[in-house]
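Undergrad: The structure file run-v4.txt (compact mmCIF, C-alpha atoms) is provided below.
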# COMPACT_ATOMS: atom_id res chain seq x y z
CA MET A 203 -28.09 21.70 -71.16
CA ASP A 204 -25.96 20.67 -74.11
CA TYR A 205 -24.81 17.15 -74.82
CA PHE A 206 -21.86 16.03 -76.92
CA CYS A 207 -20.45 12.61 -77.66
CA PRO A 208 -16.94 13.18 -79.06
CA GLN A 209 -15.02 10.40 -80.81
CA THR A 210 -11.55 11.55 -79.74
CA LEU A 211 -9.87 12.99 -76.66
CA GLU A 212 -8.88 16.12 -78.61
CA GLU A 213 -12.54 16.87 -79.35
CA ALA A 214 -13.41 16.28 -75.69
CA PHE A 215 -10.65 18.68 -74.54
CA SER A 216 -11.94 21.46 -76.80
CA LEU A 217 -15.52 20.91 -75.61
CA LEU A 218 -14.37 21.20 -71.99
CA ALA A 219 -12.38 24.33 -72.85
CA ASN A 220 -15.51 25.96 -74.31
CA ASP A 221 -17.54 25.71 -71.11
CA PRO A 222 -16.06 25.88 -67.61
CA ASP A 223 -19.25 24.29 -66.20
CA ALA A 224 -19.08 21.28 -68.53
CA ARG A 225 -18.86 17.84 -66.94
CA CYS A 226 -17.62 14.57 -68.37
CA LEU A 227 -20.18 11.76 -68.37
CA ALA A 228 -18.56 8.34 -67.93
CA GLY A 229 -20.83 5.49 -66.76
CA GLY A 230 -23.32 7.81 -65.07
CA ALA A 231 -23.47 5.83 -61.83
CA THR A 232 -22.45 8.88 -59.80
CA LEU A 233 -23.00 11.92 -62.00
CA MET A 234 -26.59 10.98 -62.89
CA ALA A 235 -27.41 10.28 -59.23
CA MET A 236 -26.08 13.75 -58.30
CA MET A 237 -28.06 15.38 -61.11
CA ASN A 238 -31.21 13.51 -60.04
CA ALA A 239 -30.67 14.79 -56.49
CA GLU A 240 -30.24 18.32 -57.93
CA LEU A 241 -26.80 18.62 -56.36
CA LEU A 242 -25.28 19.36 -59.75
CA SER A 243 -26.64 20.83 -62.96
CA PRO A 244 -23.90 21.06 -65.56
CA THR A 245 -24.52 23.29 -68.57
CA THR A 246 -22.76 20.84 -70.89
CA LEU A 247 -22.30 17.08 -70.70
CA VAL A 248 -19.41 15.53 -72.62
CA SER A 249 -20.05 11.80 -72.92
CA LEU A 250 -16.81 9.80 -73.01
CA ARG A 251 -18.41 6.55 -74.18
CA SER A 252 -17.19 6.70 -77.81
CA ILE A 253 -13.53 7.46 -77.11
CA ASP A 254 -11.60 4.25 -77.76
CA ALA A 255 -8.42 5.52 -76.05
CA LEU A 256 -10.24 5.33 -72.69
CA LYS A 257 -11.36 1.72 -72.96
CA GLY A 258 -9.91 -1.55 -71.75
CA ILE A 259 -7.03 -2.97 -69.73
CA VAL A 260 -3.55 -3.36 -71.23
CA ALA A 261 -0.91 -5.53 -69.56
CA SER A 262 2.80 -4.88 -70.17
CA SER A 263 6.15 -5.48 -68.50
CA GLU A 264 5.56 -2.21 -66.63
CA GLY A 265 2.29 -3.43 -65.13
CA PHE A 266 -1.29 -2.64 -66.14
CA ARG A 267 -2.94 0.36 -67.73
CA ILE A 268 -6.65 0.45 -66.91
CA GLY A 269 -8.47 2.86 -69.24
CA ALA A 270 -10.69 5.37 -67.44
CA MET A 271 -13.87 4.04 -69.09
CA THR A 272 -13.23 0.46 -67.94
CA ARG A 273 -16.35 -0.77 -66.17
CA HIS A 274 -16.17 -2.14 -62.61
CA HIS A 275 -17.30 -5.61 -63.71
CA GLU A 276 -14.46 -5.79 -66.26
CA VAL A 277 -11.88 -5.07 -63.57
CA ALA A 278 -13.63 -7.41 -61.09
CA ASN A 279 -13.38 -10.25 -63.65
CA TYR A 280 -9.87 -9.54 -64.95
CA ALA A 281 -8.11 -12.61 -63.57
CA ALA A 282 -4.59 -11.38 -64.41
CA LEU A 283 -4.96 -8.88 -61.56
CA ASP A 284 -3.62 -11.24 -58.92
CA GLY A 285 -0.90 -11.19 -56.25
CA GLY A 286 -0.15 -7.59 -55.33
CA PHE A 287 -2.68 -6.32 -57.89
CA GLU A 288 -5.54 -8.44 -56.59
CA VAL A 289 -6.62 -5.73 -54.15
CA VAL A 290 -7.82 -3.61 -57.09
CA ARG A 291 -9.84 -6.49 -58.56
CA LEU A 292 -11.35 -7.29 -55.14
CA ALA A 293 -12.29 -3.65 -54.55
CA ALA A 294 -13.99 -3.45 -57.97
CA GLY A 295 -16.10 -6.48 -57.06
CA GLU A 296 -17.27 -4.78 -53.85
CA ILE A 297 -18.72 -1.71 -55.59
CA GLY A 298 -22.51 -1.51 -55.44
CA HIS A 299 -24.45 -4.25 -57.21
CA PRO A 300 -24.22 -6.08 -60.56
CA ALA A 301 -26.29 -3.42 -62.36
CA ILE A 302 -24.00 -0.69 -61.00
CA ARG A 303 -20.79 -2.60 -61.81
CA ALA A 304 -22.03 -3.07 -65.38
CA VAL A 305 -22.00 0.69 -66.06
CA GLY A 306 -19.79 2.42 -63.47
CA THR A 307 -16.21 3.21 -64.51
CA ILE A 308 -12.89 3.46 -62.69
CA GLY A 309 -12.29 6.98 -64.06
CA GLY A 310 -15.70 8.18 -62.94
CA SER A 311 -15.35 6.65 -59.51
CA ILE A 312 -11.97 8.18 -58.71
CA ALA A 313 -12.80 11.58 -60.24
CA HIS A 314 -15.78 11.70 -57.87
CA ALA A 315 -13.40 10.95 -54.96
CA ASP A 316 -15.85 9.75 -52.34
CA PRO A 317 -13.53 8.66 -49.51
CA ALA A 318 -15.94 5.81 -48.67
CA ALA A 319 -15.76 4.40 -52.21
CA ASP A 320 -13.79 1.22 -52.85
CA TYR A 321 -11.32 2.16 -55.57
CA PRO A 322 -9.53 5.10 -53.87
CA THR A 323 -8.44 2.97 -50.90
CA ALA A 324 -7.30 0.05 -53.06
CA LEU A 325 -5.41 2.30 -55.48
CA VAL A 326 -3.54 4.04 -52.65
CA ALA A 327 -2.53 0.65 -51.20
CA ALA A 328 -1.41 -0.54 -54.65
CA ASP A 329 0.57 2.72 -55.07
CA ALA A 330 -1.22 3.29 -58.38
CA GLU A 331 -0.67 6.31 -60.59
CA ILE A 332 -3.51 8.32 -62.08
CA GLU A 333 -3.05 9.50 -65.68
CA LEU A 334 -4.53 12.97 -66.30
CA SER A 335 -4.66 14.49 -69.78
CA ASN A 336 -5.54 17.76 -71.43
CA SER A 337 -4.82 19.37 -74.79
CA ALA A 338 -1.28 20.25 -73.63
CA GLY A 339 -0.38 16.64 -72.85
CA GLN A 340 -0.41 14.07 -70.12
CA ARG A 341 0.82 13.82 -66.54
CA ARG A 342 0.83 11.09 -63.93
CA ILE A 343 0.21 11.59 -60.26
CA ALA A 344 0.40 9.12 -57.36
CA ALA A 345 -3.03 8.05 -56.12
CA SER A 346 -2.11 9.25 -52.62
CA ASP A 347 -1.58 12.76 -54.02
CA PHE A 348 -4.57 12.65 -56.38
CA PHE A 349 -7.17 12.50 -53.58
CA GLU A 350 -6.99 15.91 -51.87
CA ASP A 351 -10.18 16.23 -49.82
CA PHE A 352 -13.82 15.05 -49.70
CA PHE A 353 -14.91 14.88 -53.36
CA THR A 354 -11.83 16.89 -54.35
CA THR A 355 -8.94 15.75 -56.51
CA ALA A 356 -5.85 17.14 -58.21
CA LEU A 357 -7.79 17.20 -61.48
CA GLN A 358 -7.48 20.68 -63.02
CA ALA A 359 -10.15 22.45 -65.08
CA GLY A 360 -10.11 21.04 -68.58
CA GLU A 361 -8.31 17.82 -67.57
CA ILE A 362 -9.73 14.33 -67.95
CA VAL A 363 -8.78 11.21 -65.98
CA THR A 364 -7.62 9.00 -68.84
CA ALA A 365 -6.22 5.91 -67.09
CA VAL A 366 -5.03 4.24 -63.91
CA HIS A 367 -1.56 2.67 -63.98
CA LEU A 368 -0.65 -0.22 -61.72
CA LYS A 369 3.12 -0.42 -61.60
CA SER A 370 4.78 -3.82 -61.68
CA GLN A 371 5.35 -5.37 -58.26
CA PRO A 372 7.64 -8.09 -56.93
CA LEU A 373 6.24 -11.52 -57.83
CA MET A 374 6.05 -12.51 -54.17
CA ASN A 375 3.61 -9.68 -53.38
CA VAL A 376 0.12 -10.42 -52.14
CA SER A 377 -2.80 -8.17 -51.35
CA ALA A 378 -6.17 -8.15 -49.65
CA TYR A 379 -9.21 -5.92 -49.23
CA THR A 380 -11.85 -5.80 -46.54
CA LYS A 381 -14.89 -3.61 -46.12
CA ILE A 382 -17.53 -3.15 -43.46
CA ALA A 383 -20.77 -1.67 -44.76
CA ARG A 384 -24.30 -1.41 -43.38
CA CYS A 385 -25.55 -3.77 -46.08
CA ASP A 386 -24.27 -5.43 -49.22
CA GLY A 387 -23.52 -2.86 -51.91
CA ASP A 388 -23.34 0.20 -49.65
CA PHE A 389 -20.37 2.52 -49.37
CA ALA A 390 -17.87 1.60 -46.68
CA THR A 391 -18.26 2.47 -43.03
CA ALA A 392 -14.58 1.54 -43.02
CA SER A 393 -12.43 -0.34 -45.51
CA LEU A 394 -8.81 -1.51 -45.45
CA ALA A 395 -6.52 -2.46 -48.29
CA PHE A 396 -3.12 -4.16 -48.03
CA CYS A 397 -0.31 -4.74 -50.52
CA GLY A 398 2.94 -6.34 -49.48
CA SER A 399 4.76 -9.60 -48.88
CA PHE A 400 5.46 -12.17 -46.20
CA ASP A 401 8.38 -14.40 -45.32
CA ASN A 402 6.58 -17.28 -43.64
CA ARG A 403 4.43 -15.37 -41.15
CA THR A 404 6.66 -12.33 -40.93
CA CYS A 405 5.66 -9.26 -42.87
CA ALA A 406 8.47 -8.40 -45.33
CA SER A 407 6.92 -5.35 -46.98
CA ALA A 408 3.67 -3.49 -46.43
CA ARG A 409 1.50 -0.71 -47.70
CA VAL A 410 -1.84 -0.26 -45.93
CA ALA A 411 -4.63 2.18 -46.79
CA VAL A 412 -7.88 2.95 -44.98
CA GLY A 413 -11.11 4.17 -46.58
CA GLY A 414 -14.19 5.83 -45.14
CA CYS A 415 -12.27 7.18 -42.14
CA ALA A 416 -11.12 10.62 -43.31
CA ALA A 417 -11.51 13.07 -46.17
CA THR A 418 -9.19 10.96 -48.31
CA PRO A 419 -7.77 7.43 -48.07
CA ILE A 420 -5.39 7.25 -45.11
CA HIS A 421 -1.88 5.92 -45.69
CA VAL A 422 0.66 6.09 -42.85
CA PRO A 423 4.25 5.18 -43.81
CA ALA A 424 5.15 4.82 -40.11
CA VAL A 425 2.50 2.10 -39.76
CA ASP A 426 3.87 0.28 -42.82
CA ALA A 427 7.31 0.48 -41.19
CA MET A 428 5.97 -1.01 -37.93
CA LEU A 429 4.52 -3.95 -39.84
CA VAL A 430 7.73 -4.79 -41.69
CA GLY A 431 9.64 -7.38 -39.64
CA SER A 432 6.64 -8.13 -37.44
CA GLU A 433 5.27 -11.63 -37.11
CA LEU A 434 1.52 -12.15 -37.53
CA GLY A 435 -0.13 -12.57 -34.14
CA SER A 436 2.55 -10.54 -32.36
CA GLU A 437 1.85 -7.51 -30.19
CA THR A 438 3.54 -5.23 -32.77
CA ILE A 439 0.75 -5.98 -35.24
CA ASN A 440 -1.82 -4.81 -32.67
CA ASP A 441 0.27 -1.72 -31.95
CA ALA A 442 0.38 -0.93 -35.67
CA ALA A 443 -3.40 -1.36 -35.90
CA ALA A 444 -3.85 1.04 -32.98
CA ALA A 445 -1.49 3.56 -34.57
CA LEU A 446 -3.40 3.28 -37.85
CA ALA A 447 -6.71 3.90 -36.06
CA ASP A 448 -5.20 6.92 -34.31
CA ALA A 449 -4.09 8.38 -37.64
CA CYS A 450 -7.64 8.28 -38.99
CA ASP A 451 -9.85 11.36 -38.81
CA PRO A 452 -13.35 9.93 -39.24
CA ILE A 453 -16.66 11.73 -38.93
CA ASP A 454 -19.94 10.69 -37.33
CA ASP A 455 -22.46 9.99 -40.04
CA VAL A 456 -25.30 7.71 -41.02
CA ARG A 457 -22.84 4.83 -41.61
CA GLY A 458 -21.32 4.94 -38.14
CA THR A 459 -19.70 7.08 -35.49
CA ALA A 460 -16.10 8.20 -35.56
CA ASP A 461 -15.34 6.01 -32.53
CA TYR A 462 -16.89 2.97 -34.17
CA ARG A 463 -14.84 3.54 -37.31
CA ARG A 464 -11.59 3.70 -35.29
CA LEU A 465 -12.58 0.49 -33.55
CA LEU A 466 -13.18 -1.17 -36.91
CA VAL A 467 -9.78 -0.12 -38.24
CA LYS A 468 -8.06 -1.49 -35.16
CA ARG A 469 -9.87 -4.82 -35.38
CA LEU A 470 -9.80 -5.26 -39.16
CA LEU A 471 -6.06 -4.93 -39.74
CA PRO A 472 -4.83 -8.15 -38.07
CA PRO A 473 -7.30 -10.47 -39.90
CA LEU A 474 -6.65 -8.60 -43.18
CA LEU A 475 -2.94 -9.39 -42.84
CA GLU A 476 -3.75 -13.03 -42.01
CA ARG A 477 -5.84 -13.30 -45.14
CA ALA A 478 -3.17 -11.70 -47.33
CA CYS A 479 -0.53 -14.03 -45.91
CA ALA A 480 -2.75 -17.07 -46.45
CA SER A 481 -3.31 -16.09 -50.09
CA ARG A 482 0.33 -16.76 -51.01
CA ALA A 483 0.78 -19.24 -53.84
CA GLY A 484 -1.10 -22.44 -53.14
CA MET B 193 -39.24 25.64 -72.34
CA THR B 194 -36.18 23.44 -72.33
CA THR B 195 -34.51 22.78 -75.63
CA GLY B 196 -35.35 19.40 -77.09
CA HIS B 197 -32.60 17.26 -78.56
CA LEU B 198 -33.57 14.88 -81.35
CA PHE B 199 -32.35 11.30 -81.00
CA THR B 200 -33.47 7.75 -81.57
CA LEU B 201 -33.67 4.84 -79.17
CA ASN B 202 -34.19 1.14 -79.84
CA ILE B 203 -36.84 0.09 -77.35
CA ASN B 204 -38.36 -3.37 -77.31
CA GLY B 205 -37.26 -3.99 -80.89
CA GLU B 206 -38.66 -0.76 -82.29
CA THR B 207 -36.75 2.36 -83.30
CA VAL B 208 -38.34 5.34 -81.61
CA GLU B 209 -37.64 8.97 -82.58
CA LEU B 210 -37.60 11.29 -79.62
CA SER B 211 -37.24 14.93 -78.75
CA ALA B 212 -36.20 15.48 -75.14
CA PRO B 213 -33.95 17.73 -73.08
CA ALA B 214 -30.41 16.34 -72.90
CA GLY B 215 -30.69 15.99 -69.12
CA HIS B 216 -33.59 13.57 -69.22
CA THR B 217 -32.87 10.08 -68.01
CA LEU B 218 -33.93 6.95 -69.81
CA LEU B 219 -36.48 6.48 -67.02
CA ASP B 220 -37.96 9.96 -67.65
CA VAL B 221 -38.35 9.20 -71.34
CA LEU B 222 -39.76 5.70 -70.82
CA ARG B 223 -42.37 6.77 -68.29
CA ASP B 224 -43.28 10.32 -69.27
CA GLN B 225 -42.94 10.30 -73.06
CA LEU B 226 -43.47 6.69 -74.09
CA PHE B 227 -45.85 5.82 -71.21
CA LEU B 228 -43.96 2.58 -70.57
CA THR B 229 -44.73 2.82 -66.87
CA GLY B 230 -43.72 -0.73 -65.95
CA SER B 231 -40.28 0.70 -65.05
CA LYS B 232 -40.78 2.31 -61.64
CA ARG B 233 -39.19 5.39 -60.14
CA GLY B 234 -38.23 4.42 -56.60
CA CYS B 235 -35.13 6.13 -55.23
CA ASN B 236 -33.91 7.80 -58.47
CA GLN B 237 -30.39 7.16 -57.10
CA GLY B 238 -29.59 3.73 -58.50
CA VAL B 239 -30.06 2.02 -55.16
CA CYS B 240 -33.49 0.33 -55.27
CA GLY B 241 -33.49 -1.36 -58.69
CA ALA B 242 -37.18 -0.69 -59.44
CA CYS B 243 -36.25 1.10 -62.70
CA THR B 244 -34.03 -1.73 -63.98
CA VAL B 245 -34.18 -2.31 -67.75
CA LEU B 246 -31.97 -4.45 -69.99
CA ARG B 247 -29.40 -2.63 -72.11
CA ASP B 248 -28.12 -5.10 -74.71
CA GLY B 249 -29.35 -7.79 -72.33
CA VAL B 250 -27.53 -6.43 -69.27
CA PRO B 251 -29.52 -5.16 -66.26
CA THR B 252 -29.03 -1.41 -66.03
CA ARG B 253 -30.56 1.40 -63.99
CA ALA B 254 -32.81 3.52 -66.23
CA CYS B 255 -32.62 6.33 -63.64
CA LEU B 256 -28.82 6.53 -63.97
CA SER B 257 -28.80 6.35 -67.77
CA LEU B 258 -29.00 9.55 -69.76
CA ALA B 259 -31.59 8.83 -72.45
CA ILE B 260 -29.61 10.48 -75.23
CA ASP B 261 -26.54 8.45 -74.21
CA CYS B 262 -28.40 5.16 -74.84
CA SER B 263 -28.81 5.42 -78.60
CA ASP B 264 -26.31 2.61 -79.29
CA PHE B 265 -28.13 0.05 -77.17
CA ALA B 266 -31.10 -2.25 -77.58
CA ILE B 267 -33.33 -1.46 -74.58
CA THR B 268 -35.74 -4.05 -73.22
CA THR B 269 -38.38 -3.01 -70.71
CA ILE B 270 -40.86 -5.25 -68.93
CA GLU B 271 -43.41 -4.35 -71.62
CA GLY B 272 -41.14 -5.89 -74.27
CA LEU B 273 -40.47 -9.19 -72.55
CA ALA B 274 -43.31 -10.98 -74.34
CA GLU B 275 -45.77 -10.20 -77.12
CA PRO B 276 -48.77 -8.12 -75.98
CA GLY B 277 -51.24 -10.33 -74.15
CA GLU B 278 -48.65 -13.06 -73.61
CA THR B 279 -46.29 -13.80 -70.74
CA HIS B 280 -42.64 -14.75 -70.62
CA PRO B 281 -41.80 -18.05 -68.83
CA VAL B 282 -40.08 -16.06 -66.08
CA GLN B 283 -43.25 -14.05 -65.53
CA GLU B 284 -45.28 -17.29 -65.44
CA ALA B 285 -42.94 -18.72 -62.80
CA PHE B 286 -43.28 -15.56 -60.70
CA ALA B 287 -47.08 -15.85 -60.88
CA GLU B 288 -47.01 -19.60 -60.20
CA VAL B 289 -45.32 -19.21 -56.81
CA SER B 290 -47.10 -15.93 -55.96
CA ALA B 291 -43.84 -13.98 -55.89
CA PRO B 292 -45.46 -10.56 -56.49
CA GLN B 293 -46.75 -8.81 -53.39
CA CYS B 294 -47.27 -5.06 -53.87
CA GLY B 295 -45.62 -5.44 -57.28
CA PHE B 296 -43.55 -2.24 -57.31
CA CYS B 297 -40.19 -4.04 -57.58
CA MET B 298 -41.45 -6.78 -59.89
CA SER B 299 -40.46 -5.42 -63.31
CA GLY B 300 -36.88 -4.98 -62.14
CA MET B 301 -36.82 -8.38 -60.46
CA VAL B 302 -38.24 -10.16 -63.52
CA LEU B 303 -35.79 -8.48 -65.90
CA VAL B 304 -32.82 -9.32 -63.65
CA ALA B 305 -34.07 -12.92 -63.52
CA LYS B 306 -34.42 -13.06 -67.29
CA ALA B 307 -30.88 -11.71 -67.81
CA LEU B 308 -29.48 -14.18 -65.27
CA LEU B 309 -31.17 -17.20 -66.87
CA ASP B 310 -30.08 -16.08 -70.36
CA THR B 311 -26.44 -16.25 -69.33
CA ASN B 312 -26.68 -18.95 -66.64
CA PRO B 313 -29.73 -21.23 -67.22
CA HIS B 314 -29.22 -23.20 -63.99
CA PRO B 315 -27.93 -20.80 -61.34
CA SER B 316 -27.24 -21.84 -57.76
CA ARG B 317 -29.21 -20.19 -54.97
CA ASP B 318 -26.17 -18.03 -54.18
CA GLU B 319 -25.92 -16.92 -57.80
CA ILE B 320 -29.60 -15.97 -57.78
CA ARG B 321 -29.13 -14.00 -54.55
CA GLU B 322 -26.09 -12.22 -56.01
CA ALA B 323 -28.03 -11.32 -59.19
CA LEU B 324 -30.92 -9.95 -57.11
CA SER B 325 -28.67 -8.12 -54.64
CA GLY B 326 -29.29 -4.73 -56.25
CA ASN B 327 -33.08 -5.01 -56.24
CA LEU B 328 -34.99 -4.09 -53.11
CA CYS B 329 -38.41 -5.52 -52.22
CA ARG B 330 -40.08 -3.42 -49.52
CA CYS B 331 -42.54 -6.26 -48.84
CA THR B 332 -39.43 -8.39 -48.10
CA GLY B 333 -40.74 -11.22 -50.28
CA TYR B 334 -37.33 -12.36 -51.40
CA ILE B 335 -37.84 -16.07 -50.68
CA LYS B 336 -40.71 -16.39 -53.16
CA ILE B 337 -38.75 -14.46 -55.76
CA ILE B 338 -35.81 -16.84 -55.43
CA GLU B 339 -38.20 -19.80 -55.66
CA ALA B 340 -39.74 -18.31 -58.80
CA ILE B 341 -36.35 -18.06 -60.47
CA GLU B 342 -35.54 -21.64 -59.48
CA LEU B 343 -38.86 -22.74 -60.97
CA ALA B 344 -38.19 -20.84 -64.20
CA SER B 345 -34.75 -22.45 -64.31
CA GLU B 346 -36.29 -25.94 -64.11
CA GLY B 347 -38.24 -25.22 -67.29
CA ILE B 348 -35.02 -24.61 -69.23
CA ALA B 349 -33.48 -27.60 -71.00
Show this structure as structure tokens.
TA:
Amino acid sequence: MDYFCPQTLEEAFSLLANDPDARCLAGGATLMAMMNAELLSPTTLVSLRSIDALKGIVASSEGFRIGAMTRHHEVANYAALDGGFEVVRLAAGEIGHPAIRAVGTIGGSIAHADPAADYPTALVAADAEIELSNSAGQRRIAASDFFEDFFTTALQAGEIVTAVHLKSQPLMNVSAYTKIARCDGDFATASLAFCGSFDNRTCASARVAVGGCAATPIHVPAVDAMLVGSELGSETINDAAAALADACDPIDDVRGTADYRRLLVKRLLPPLLERACASRAG
Amino acid sequence: MTTGHLFTLNINGETVELSAPAGHTLLDVLRDQLFLTGSKRGCNQGVCGACTVLRDGVPTRACLSLAIDCSDFAITTIEGLAEPGETHPVQEAFAEVSAPQCGFCMSGMVLVAKALLDTNPHPSRDEIREALSGNLCRCTGYIKIIEAIELASEGIA
């Protein structure tokens, strides 16, 4: 196996172009675990750790650009991610343990595309865009289109995830994240993320995503539409939760059965909305 | 034979020149080349924490770190926590309350405790539990470990 540690994206692109079996090494939290388990044995590793263009969070009037090499603990501690953006910060804080959050990166996590991971669900709820780059240029794709299947994304050969963009949101927006796992630090049996707003206790806008319950994060526009105009505690909220659970396509695995996951989705949505509503200023 | 890559690592204050395949983890190199066997190989998946070392003072999984990718960091293993023949105050506190049982998780636990107390000399019990959350003890001796860290904390001005 070869190893390279390029200083620029251009060098990284040409290294990837030279070997179709090359893999990018970000924090290592996932790739190294897969290599240790002998699930993957790349012929070339391209370490992204020295490329400055991939590092850090930049705030602007358009929102936030989170560089692909930004570590989970940086996102989890970035206090400016509040209101409608808070869901991303909360999800980052739920990933693994402190030693994992110190090395794992947002780019590595989403490129791996485990549907039970925390970021994919939060990024779909926040309607984030994923920035993908290669030697020909850059494109952006909605998070909901980026995740295509279990461990499968829209990333093309030779492309690198270079950033996540969180578009600006109305100031009144709030968000919340909840996750049920077998133990602290595990992947989700089921997770739910919410972005939206409330007028008193009536939902004024909504975008809900579910993790761990299908091959990709589940987002159902019809469920969002049911929530809008509904008062917390009303029967419509329960109907929306049931519709959301029906839209999931979970599997039976070591973290829970498909039926249990649907039950979780149904029961987790109402308290998630309560928490989001309660988080409004003050 | 796998091709060896030449690189240097800074381990316990010393610069070490190495030749190892690019795919070798920091844990492979520590245990199999440098015979620093205090870092344990438990799950090799980043879950158990037995291989935890400090990378620039931050607890990190040696099993998830590619050795050649660590050349910019100062690595501290349990062997480097105190001079040979001496013990670090955190180690003394662990011994004082009999925190070690089988001992397999201890190097990771002690290094996590050291890193915590370096940044937060008087942590609350919740902060200690959060810091230890990624380190598994199969003997389930967590209470003594928490007490050891509280004891070590009391010795800090």
Undergrad: What is the atom CA of Thr245 of chain A-atom CA of Leu233 of chain A distance in Å, reported with one decimal?
TA: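 Distance reported for this atom pair: 13.2 Å.
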Undergrad: Taking all atoms listed in the file into account, produce a table as a Markdown table in which each residue of chain B with an atom at most 9 Å from an atom of chain A appears once, together with its shortest atom pair and the distance in Å to one decimal, ordered by chain and rising number.
TA:
| residue | atom | partner | partner_atom | distance |
| --- | --- | --- | --- | --- |
| B:Thr194 | CA | A:Met203 | CA | 8.4 |
| B:Thr195 | CA | A:Met203 | CA | 7.9 |
| B:His197 | CA | A:Tyr205 | CA | 8.6 |
| B:Pro213 | CA | A:Met203 | CA | 7.3 |
| B:Ala214 | CA | A:Tyr205 | CA | 6.0 |
| B:Gly215 | CA | A:Met203 | CA | 6.6 |
| B:Thr217 | CA | A:Met234 | CA | 8.2 |
| B:Asn236 | CA | A:Asn238 | CA | 6.5 |
| B:Gln237 | CA | A:Ala235 | CA | 4.8 |
| B:Gly238 | CA | A:Ala235 | CA | 6.9 |
| B:Val239 | CA | A:Gly298 | CA | 8.3 |
| B:Gly241 | CA | A:Ala301 | CA | 8.3 |
| B:Thr244 | CA | A:Ala301 | CA | 8.1 |
| B:Val250 | CA | A:Ala304 | CA | 7.5 |
| B:Pro251 | CA | A:Ala301 | CA | 5.4 |
| B:Thr252 | CA | A:Ala301 | CA | 5.0 |
| B:Arg253 | CA | A:Ala301 | CA | 6.6 |
| B:Cys255 | CA | A:Met234 | CA | 7.7 |
| B:Leu256 | CA | A:Met234 | CA | 5.1 |
| B:Ser257 | CA | A:Gly230 | CA | 6.3 |
| B:Leu258 | CA | A:Met234 | CA | 7.4 |
| B:Ile260 | CA | A:Tyr205 | CA | 8.2 |
| B:Asp261 | CA | A:Ser249 | CA | 7.4 |
| B:Val304 | CA | A:Ala301 | CA | 8.9 |
| B:Glu322 | CA | A:Pro300 | CA | 7.9 |
| B:Ala323 | CA | A:Pro300 | CA | 6.6 |
| B:Leu324 | CA | A:Pro300 | CA | 8.5 |
| B:Ser325 | CA | A:His299 | CA | 6.3 |
| B:Gly326 | CA | A:His299 | CA | 5.0 |
| B:Asn327 | CA | A:His299 | CA | 8.7 |
Undergrad: Have a look at atom CA of Ala447 of chain A and atom CA of Val410 of chain A and let me know their distance in Å, one decimal.
TA: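 If I compute the distance from atom CA of Ala447 of chain A to atom CA of Val410 of chain A, I get 11.8 Å.
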Undergrad: Figure out the distance between atom CA of Leu474 of chain A and atom CA of Ile343 of chain A, please, to one decimal in Å.
TA: 27.3 Å
Undergrad: Just want the 8 Å neighbourhood of segment 314-316 of chain B, counted on only C-alpha atoms, with same-chain residues fewer than 5 positions away dropped. Output as a list in words.
TA: Leu308, Leu309, Glu342, Ser345, Glu346 and Ile348 of chain B
Undergrad: Put the listed atoms of segment 393-404 of chain A in a box along x, y and z with 5 Å added on every side and give me the centre and edge lengths in Å to one decimal, as lines of an AutoDock Vina configuration file.
TA:
center_x = -2.0
center_y = -8.8
center_z = -45.7
size_x = 30.8
size_y = 26.9
size_z = 19.6
Undergrad: For each of B:Ile320, B:Pro281, B:Thr269, B:Lys306, take the minimum atom-to-atom distance to Phe227 of chain B, counting all atoms listed in the file, then give the residue where this is smallest.
TA: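 Closest residue, counting all atoms listed in the file: B:Thr269.
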Undergrad: Which residue is closest to Leu246 of chain B? Choose from B:Ala344, B:Leu210, B:Cys329, B:Val302 and count only C-alpha atoms.
TA: B:Val302
